[in-house]
$ cat query_7.cif   # mmCIF, C-alpha atoms, pLDDT in the B column; chains and numbers go by the auth columns
data_protein
loop_
_atom_site.group_PDB
_atom_site.id
_atom_site.type_symbol
_atom_site.label_atom_id
_atom_site.label_comp_id
_atom_site.label_asym_id
_atom_site.label_seq_id
_atom_site.Cartn_x
_atom_site.Cartn_y
_atom_site.Cartn_z
_atom_site.B_iso_or_equiv
_atom_site.auth_seq_id
_atom_site.auth_asym_id
ATOM 1 C CA MET A 1 138.174 18.106 23.132 82.00 1 F
ATOM 2 C CA SER A 2 141.896 18.473 23.447 93.00 2 F
ATOM 3 C CA THR A 3 144.554 21.153 23.401 95.00 3 F
ATOM 4 C CA ASP A 4 147.959 20.702 21.808 97.00 4 F
ATOM 5 C CA TYR A 5 151.116 22.327 23.172 97.00 5 F
ATOM 6 C CA ARG A 6 154.617 22.744 21.785 97.00 6 F
ATOM 7 C CA ILE A 7 157.902 23.518 23.527 97.00 7 F
ATOM 8 C CA LEU A 8 159.654 26.310 21.629 97.00 8 F
ATOM 9 C CA LYS A 9 163.067 24.696 21.881 96.00 9 F
ATOM 10 C CA THR A 10 164.287 21.134 21.553 96.00 10 F
ATOM 11 C CA VAL A 11 163.846 19.124 24.729 97.00 11 F
ATOM 12 C CA LEU A 12 164.614 15.426 24.799 97.00 12 F
ATOM 13 C CA ALA A 13 161.965 13.170 26.259 96.00 13 F
ATOM 14 C CA ALA A 14 164.668 11.298 28.162 95.00 14 F
ATOM 15 C CA ASP A 15 165.444 14.525 30.023 95.00 15 F
ATOM 16 C CA LEU A 16 161.786 15.056 30.923 93.00 16 F
ATOM 17 C CA PHE A 17 161.581 11.559 32.370 94.00 17 F
ATOM 18 C CA ASP A 18 164.936 11.428 34.160 95.00 18 F
ATOM 19 C CA GLY A 19 163.388 12.253 37.559 93.00 19 F
ATOM 20 C CA ARG A 20 164.215 15.960 37.771 93.00 20 F
ATOM 21 C CA LEU A 21 160.520 16.948 37.630 96.00 21 F
ATOM 22 C CA GLU A 22 159.639 14.771 40.631 96.00 22 F
ATOM 23 C CA GLU A 23 160.928 17.361 43.108 94.00 23 F
ATOM 24 C CA TYR A 24 158.135 19.611 41.775 95.00 24 F
ATOM 25 C CA GLY A 25 155.492 16.903 42.140 96.00 25 F
ATOM 26 C CA VAL A 26 155.417 15.887 38.469 97.00 26 F
ATOM 27 C CA ARG A 27 156.153 12.310 37.481 96.00 27 F
ATOM 28 C CA GLU A 28 155.578 9.821 34.713 96.00 28 F
ATOM 29 C CA HIS A 29 152.308 7.917 34.632 95.00 29 F
ATOM 30 C CA ARG A 30 152.118 4.639 32.734 95.00 30 F
ATOM 31 C CA ASN A 31 149.095 2.736 31.524 95.00 31 F
ATOM 32 C CA GLU A 32 148.139 0.367 28.690 96.00 32 F
ATOM 33 C CA HIS A 33 148.277 3.250 26.171 95.00 33 F
ATOM 34 C CA THR A 34 151.757 4.572 26.972 96.00 34 F
ATOM 35 C CA ASN A 35 154.836 3.444 25.063 97.00 35 F
ATOM 36 C CA ASP A 36 158.208 4.814 23.903 95.00 36 F
ATOM 37 C CA ARG A 37 156.529 7.333 21.560 97.00 37 F
ATOM 38 C CA ALA A 38 153.472 8.259 23.664 97.00 38 F
ATOM 39 C CA ARG A 39 154.244 9.029 27.291 97.00 39 F
ATOM 40 C CA MET A 40 152.362 10.778 30.053 96.00 40 F
ATOM 41 C CA LEU A 41 153.161 13.140 32.911 97.00 41 F
ATOM 42 C CA THR A 42 150.964 13.736 35.941 96.00 42 F
ATOM 43 C CA ASP A 43 150.964 15.940 38.997 96.00 43 F
ATOM 44 C CA GLY A 44 148.757 13.367 40.728 94.00 44 F
ATOM 45 C CA ARG A 45 145.564 15.016 39.575 94.00 45 F
ATOM 46 C CA ASN A 46 146.092 16.236 36.009 96.00 46 F
ATOM 47 C CA PHE A 47 147.622 14.462 33.021 96.00 47 F
ATOM 48 C CA LEU A 48 149.590 15.593 29.967 97.00 48 F
ATOM 49 C CA TRP A 49 150.497 13.340 27.036 97.00 49 F
ATOM 50 C CA LEU A 50 153.868 13.801 25.339 97.00 50 F
ATOM 51 C CA TYR A 51 154.624 12.525 21.865 98.00 51 F
ATOM 52 C CA VAL A 52 158.238 11.688 21.052 98.00 52 F
ATOM 53 C CA GLY A 53 159.888 12.172 17.650 97.00 53 F
ATOM 54 C CA ASP A 54 162.416 9.975 15.868 97.00 54 F
ATOM 55 C CA ALA A 55 165.390 11.781 17.445 97.00 55 F
ATOM 56 C CA GLY A 56 163.935 11.410 20.958 97.00 56 F
ATOM 57 C CA GLU A 57 162.699 14.999 21.140 97.00 57 F
ATOM 58 C CA VAL A 58 159.314 16.028 22.486 97.00 58 F
ATOM 59 C CA GLU A 59 157.391 16.848 19.299 97.00 59 F
ATOM 60 C CA TYR A 60 154.230 18.049 20.985 97.00 60 F
ATOM 61 C CA MET A 61 152.096 17.573 24.075 97.00 61 F
ATOM 62 C CA VAL A 62 148.341 17.110 24.400 97.00 62 F
ATOM 63 C CA ARG A 63 145.821 17.650 27.148 96.00 63 F
ATOM 64 C CA TYR A 64 142.843 15.411 26.424 93.00 64 F
ATOM 65 C CA MET A 65 139.509 15.864 28.147 85.00 65 F
ATOM 66 C CA PRO A 66 138.808 14.961 30.910 87.00 66 F
ATOM 67 C CA ASN A 67 142.461 14.908 31.992 85.00 67 F
ATOM 68 C CA GLY A 68 142.217 18.137 33.966 89.00 68 F
ATOM 69 C CA ASN A 69 144.238 21.309 33.706 92.00 69 F
ATOM 70 C CA PRO A 70 147.905 20.750 32.819 94.00 70 F
ATOM 71 C CA GLY A 71 148.952 24.267 33.847 94.00 71 F
ATOM 72 C CA LYS A 72 151.123 23.113 36.743 96.00 72 F
ATOM 73 C CA ILE A 73 152.809 20.429 34.637 97.00 73 F
ATOM 74 C CA LEU A 74 153.480 22.868 31.804 97.00 74 F
ATOM 75 C CA GLY A 75 154.816 25.449 34.266 97.00 75 F
ATOM 76 C CA VAL A 76 157.179 22.937 35.838 97.00 76 F
ATOM 77 C CA ILE A 77 158.517 21.933 32.401 97.00 77 F
ATOM 78 C CA ALA A 78 158.965 25.588 31.402 97.00 78 F
ATOM 79 C CA ASP A 79 160.843 26.371 34.625 96.00 79 F
ATOM 80 C CA ALA A 80 162.977 23.221 34.684 96.00 80 F
ATOM 81 C CA PHE A 81 164.075 23.568 31.054 96.00 81 F
ATOM 82 C CA ASP A 82 164.033 27.362 30.779 97.00 82 F
ATOM 83 C CA CYS A 83 161.718 27.269 27.787 97.00 83 F
ATOM 84 C CA ASP A 84 158.501 28.735 26.479 97.00 84 F
ATOM 85 C CA ILE A 85 155.508 26.498 25.843 98.00 85 F
ATOM 86 C CA VAL A 86 152.650 27.587 23.611 97.00 86 F
ATOM 87 C CA SER A 87 149.262 26.124 22.783 96.00 87 F
ATOM 88 C CA GLU A 88 147.776 25.529 19.362 95.00 88 F
ATOM 89 C CA TYR A 89 146.022 28.893 19.734 94.00 89 F
ATOM 90 C CA ASP A 90 149.340 30.764 19.574 94.00 90 F
ATOM 91 C CA CYS A 91 150.876 31.592 16.193 93.00 91 F
ATOM 92 C CA ARG A 92 154.282 30.392 17.422 95.00 92 F
ATOM 93 C CA PHE A 93 152.893 26.852 17.711 94.00 93 F
ATOM 94 C CA TYR A 94 152.927 26.779 13.898 92.00 94 F
ATOM 95 C CA GLY A 95 156.305 28.468 13.522 92.00 95 F
ATOM 96 C CA PHE A 96 155.112 32.039 12.938 93.00 96 F
ATOM 97 C CA GLU A 97 156.750 34.923 14.772 92.00 97 F
ATOM 98 C CA SER A 98 153.672 37.170 14.862 93.00 98 F
ATOM 99 C CA GLU A 99 149.906 37.153 14.457 91.00 99 F
ATOM 100 C CA GLU A 100 150.367 39.342 11.363 94.00 100 F
ATOM 101 C CA GLU A 101 152.685 36.779 9.748 94.00 101 F
ATOM 102 C CA TRP A 102 150.235 33.988 10.613 90.00 102 F
ATOM 103 C CA ASN A 103 147.237 35.915 9.233 92.00 103 F
ATOM 104 C CA THR A 104 149.101 36.690 6.001 94.00 104 F
ATOM 105 C CA ALA A 105 149.979 33.013 5.523 91.00 105 F
ATOM 106 C CA MET A 106 146.387 31.950 6.234 90.00 106 F
ATOM 107 C CA GLN A 107 145.041 34.492 3.718 95.00 107 F
ATOM 108 C CA GLN A 108 147.518 33.239 1.113 94.00 108 F
ATOM 109 C CA MET A 109 146.481 29.622 1.720 91.00 109 F
ATOM 110 C CA GLU A 110 142.815 30.576 1.490 94.00 110 F
ATOM 111 C CA GLN A 111 143.428 32.362 -1.819 94.00 111 F
ATOM 112 C CA GLU A 112 145.356 29.368 -3.211 94.00 112 F
ATOM 113 C CA CYS A 113 142.481 27.052 -2.237 91.00 113 F
ATOM 114 C CA ALA A 114 139.918 29.382 -3.808 92.00 114 F
ATOM 115 C CA ASP A 115 141.995 29.635 -7.005 92.00 115 F
ATOM 116 C CA HIS A 116 142.338 25.850 -7.199 90.00 116 F
ATOM 117 C CA TRP A 117 138.641 25.302 -6.552 89.00 117 F
ATOM 118 C CA HIS A 118 137.721 27.835 -9.240 91.00 118 F
ATOM 119 C CA ALA A 119 140.079 26.176 -11.757 91.00 119 F
ATOM 120 C CA GLU A 120 138.538 22.766 -11.015 88.00 120 F
ATOM 121 C CA LEU A 121 135.034 24.216 -11.363 89.00 121 F
ATOM 122 C CA MET A 122 135.927 25.617 -14.769 89.00 122 F
ATOM 123 C CA LYS A 123 137.258 22.190 -15.846 88.00 123 F
ATOM 124 C CA PHE A 124 134.021 20.597 -14.714 87.00 124 F
ATOM 125 C CA LEU A 125 131.914 23.147 -16.607 89.00 125 F
ATOM 126 C CA ARG A 126 133.956 22.519 -19.766 88.00 126 F
ATOM 127 C CA GLY A 127 133.391 18.763 -19.392 87.00 127 F
ATOM 128 C CA GLU A 128 136.993 18.025 -18.440 85.00 128 F
ATOM 129 C CA PRO A 129 137.927 15.724 -15.550 83.00 129 F
ATOM 130 C CA ALA A 130 138.036 17.685 -12.322 75.00 130 F
ATOM 131 C CA VAL A 131 139.014 16.791 -8.785 76.00 131 F
ATOM 132 C CA PHE A 132 136.962 18.783 -6.324 65.00 132 F
ATOM 133 C CA ALA A 133 137.869 19.475 -2.770 57.00 133 F
ATOM 134 C CA PRO A 134 135.410 21.198 -0.470 59.00 134 F
ATOM 135 C CA ALA A 135 134.973 24.875 -1.270 58.00 135 F
ATOM 136 C CA PRO A 136 136.988 27.176 0.992 60.00 136 F
ATOM 137 C CA SER A 137 134.930 28.783 3.707 63.00 137 F
ATOM 138 C CA GLY A 138 135.063 32.384 4.645 55.00 138 F
#
$ encode --input "query_7.cif" --output "structure tokens"
Amino acid sequence: MSTDYRILKTVLAADLFDGRLEEYGVREHRNEHTNDRARMLTDGRNFLWLYVGDAGEVEYMVRYMPNGNPGKILGVIADAFDCDIVSEYDCRFYGFESEEEWNTAMQQMEQECADHWHAELMKFLRGEPAVFAPAPSG
């Protein structure tokens, strides 16, 4: 189990690892799995992975089980960089401004999948080549 997080503004990884978070008890942790694109922060007890994009920006962050509760680390980042951080359970994680906008987009995607599946089913029933994907749920 994991939870993904996104910073709602561009923050460079180099800035996160320049030492400014250490005064709040958050520092980099290195192991055999860390590298320039996958880095980790810790508060000494909890761990948060950060994944770095091509331009050096933090693309997203992940709390993997059993790496504890990253609340303190996320709070320190939010305070130090004056930014909002959201989890994958928040519509803003995916670029939507509201739950309504997110729900509308999800309904549209579901309808497009259902329409495609139905079209492929009709091809199959007519004996034409069809490429099936799993039927949409819901």
$ atom_distance --input "query_7.cif" --atom1 "atom CA of His29 of chain F" --atom2 "atom CA of Gly71 of chain F"
16.7 Å
$ residues_around --input "query_7.cif" --residues "Ala38 of chain F" --least-positions-apart "3" --cutoff "9 Å" --atoms "only C-alpha atoms" --output "ChimeraX atom specification"
/F:33-35,49-52
$ write_last_selection --input "query_7.cif" --atoms "C-alpha atoms" --output "tab-separated table (two decimals), in the frame of the given file"
chain	number	residue	atom	x	y	z
F	33	HIS	CA	148.28	3.25	26.17
F	34	THR	CA	151.76	4.57	26.97
F	35	ASN	CA	154.84	3.44	25.06
F	49	TRP	CA	150.50	13.34	27.04
F	50	LEU	CA	153.87	13.80	25.34
F	51	TYR	CA	154.62	12.52	21.86
F	52	VAL	CA	158.24	11.69	21.05
$ atom_distance --input "query_7.cif" --atom1 "atom CA of Leu48 of chain F" --atom2 "atom CA of Glu97 of chain F"
25.6 Å
$ residues_around --input "query_7.cif" --residues "Cys83 of chain F" --least-positions-apart "2" --cutoff "12 Å" --atoms "all atoms listed in the file" --output "PyMOL selection string"
chain F and resi 6-11+74-81+85-86
$ resolve_selection --input "query_7.cif" --expression "the PyMOL selection byres ((chain F and resi 66-69) around 12)" --output "list of chain:residue names"
F:Met1, F:Ser2, F:Thr3, F:Met40, F:Leu41, F:Thr42, F:Asp43, F:Gly44, F:Arg45, F:Asn46, F:Phe47, F:Leu48, F:Trp49, F:Val62, F:Arg63, F:Tyr64, F:Met65, F:Pro70, F:Gly71, F:Lys72, F:Ile73, F:Leu74, F:Gly75
$ write_last_selection --input "query_7.cif" --atoms "C-alpha atoms" --output "PDB file, in the frame of the given file"
ATOM      1  CA  MET F   1     138.174  18.106  23.132  1.00 82.00           C
ATOM      2  CA  SER F   2     141.896  18.473  23.447  1.00 93.00           C
ATOM      3  CA  THR F   3     144.554  21.153  23.401  1.00 95.00           C
ATOM      4  CA  MET F  40     152.362  10.778  30.053  1.00 96.00           C
ATOM      5  CA  LEU F  41     153.161  13.140  32.911  1.00 97.00           C
ATOM      6  CA  THR F  42     150.964  13.736  35.941  1.00 96.00           C
ATOM      7  CA  ASP F  43     150.964  15.940  38.997  1.00 96.00           C
ATOM      8  CA  GLY F  44     148.757  13.367  40.728  1.00 94.00           C
ATOM      9  CA  ARG F  45     145.564  15.016  39.575  1.00 94.00           C
ATOM     10  CA  ASN F  46     146.092  16.236  36.009  1.00 96.00           C
ATOM     11  CA  PHE F  47     147.622  14.462  33.021  1.00 96.00           C
ATOM     12  CA  LEU F  48     149.590  15.593  29.967  1.00 97.00           C
ATOM     13  CA  TRP F  49     150.497  13.340  27.036  1.00 97.00           C
ATOM     14  CA  VAL F  62     148.341  17.110  24.400  1.00 97.00           C
ATOM     15  CA  ARG F  63     145.821  17.650  27.148  1.00 96.00           C
ATOM     16  CA  TYR F  64     142.843  15.411  26.424  1.00 93.00           C
ATOM     17  CA  MET F  65     139.509  15.864  28.147  1.00 85.00           C
ATOM     18  CA  PRO F  70     147.905  20.750  32.819  1.00 94.00           C
ATOM     19  CA  GLY F  71     148.952  24.267  33.847  1.00 94.00           C
ATOM     20  CA  LYS F  72     151.123  23.113  36.743  1.00 96.00           C
ATOM     21  CA  ILE F  73     152.809  20.429  34.637  1.00 97.00           C
ATOM     22  CA  LEU F  74     153.480  22.868  31.804  1.00 97.00           C
ATOM     23  CA  GLY F  75     154.816  25.449  34.266  1.00 97.00           C
TER      24      GLY F  75
END
$ atom_distance --input "query_7.cif" --atom1 "atom CA of Glu57 of chain F" --atom2 "atom CA of Asp84 of chain F"
15.3 Å
$ closest_residue --input "query_7.cif" --among "F:Glu101, F:Ala130, F:Ser87, F:Phe93" --to "Trp117 of chain F" --atoms "only C-alpha atoms"
F:Ala130
$ resolve_selection --input "query_7.cif" --expression "the PyMOL selection byres ((chain F and resi 14) around 12)" --output "list of chain:residue names"
F:Thr10, F:Val11, F:Leu12, F:Ala13, F:Asp15, F:Leu16, F:Phe17, F:Asp18, F:Gly19, F:Arg20, F:Leu21, F:Glu28, F:Asp36, F:Arg37, F:Arg39, F:Leu50, F:Tyr51, F:Val52, F:Gly53, F:Ala55, F:Gly56, F:Glu57, F:Val58
$ build_atoms --input "query_7.cif" --residues "segment 21-36 of chain F" --atoms "N, CA and C atoms" --output "mmCIF file, in the coordinates of the input"
data_model
loop_
_atom_site.group_PDB
_atom_site.id
_atom_site.type_symbol
_atom_site.label_atom_id
_atom_site.label_comp_id
_atom_site.auth_asym_id
_atom_site.auth_seq_id
_atom_site.Cartn_x
_atom_site.Cartn_y
_atom_site.Cartn_z
ATOM 1 N N LEU F 21 161.802 16.276 37.402
ATOM 2 C CA LEU F 21 160.520 16.948 37.630
ATOM 3 C C LEU F 21 159.828 16.478 38.904
ATOM 4 N N GLU F 22 160.286 15.335 39.444
ATOM 5 C CA GLU F 22 159.639 14.771 40.631
ATOM 6 C C GLU F 22 159.736 15.678 41.849
ATOM 7 N N GLU F 23 160.808 16.457 41.966
ATOM 8 C CA GLU F 23 160.928 17.361 43.108
ATOM 9 C C GLU F 23 159.860 18.450 43.079
ATOM 10 N N TYR F 24 159.232 18.637 41.915
ATOM 11 C CA TYR F 24 158.135 19.611 41.775
ATOM 12 C C TYR F 24 156.758 18.938 41.784
ATOM 13 N N GLY F 25 156.746 17.635 42.068
ATOM 14 C CA GLY F 25 155.492 16.903 42.140
ATOM 15 C C GLY F 25 154.975 16.399 40.805
ATOM 16 N N VAL F 26 155.816 16.374 39.790
ATOM 17 C CA VAL F 26 155.417 15.887 38.469
ATOM 18 C C VAL F 26 156.218 14.630 38.164
ATOM 19 N N ARG F 27 155.499 13.599 37.744
ATOM 20 C CA ARG F 27 156.153 12.310 37.481
ATOM 21 C C ARG F 27 155.501 11.633 36.293
ATOM 22 N N GLU F 28 156.143 10.590 35.821
ATOM 23 C CA GLU F 28 155.578 9.821 34.713
ATOM 24 C C GLU F 28 154.430 8.958 35.213
ATOM 25 N N HIS F 29 153.427 8.815 34.365
ATOM 26 C CA HIS F 29 152.308 7.917 34.632
ATOM 27 C C HIS F 29 152.242 6.939 33.468
ATOM 28 N N ARG F 30 152.187 5.667 33.779
ATOM 29 C CA ARG F 30 152.118 4.639 32.734
ATOM 30 C C ARG F 30 150.776 3.925 32.794
ATOM 31 N N ASN F 31 150.283 3.575 31.615
ATOM 32 C CA ASN F 31 149.095 2.736 31.524
ATOM 33 C C ASN F 31 149.192 1.913 30.242
ATOM 34 N N GLU F 32 148.104 1.249 29.858
ATOM 35 C CA GLU F 32 148.139 0.367 28.690
ATOM 36 C C GLU F 32 148.296 1.135 27.373
ATOM 37 N N HIS F 33 148.164 2.452 27.388
ATOM 38 C CA HIS F 33 148.277 3.250 26.171
ATOM 39 C C HIS F 33 149.631 3.938 26.023
ATOM 40 N N THR F 34 150.450 3.929 27.061
ATOM 41 C CA THR F 34 151.757 4.572 26.972
ATOM 42 C C THR F 34 152.763 3.624 26.339
ATOM 43 N N ASN F 35 153.750 4.215 25.675
ATOM 44 C CA ASN F 35 154.836 3.444 25.063
ATOM 45 C C ASN F 35 156.014 4.392 24.852
ATOM 46 N N ASP F 36 157.023 3.977 24.094
ATOM 47 C CA ASP F 36 158.208 4.814 23.903
ATOM 48 C C ASP F 36 157.912 6.121 23.170
#
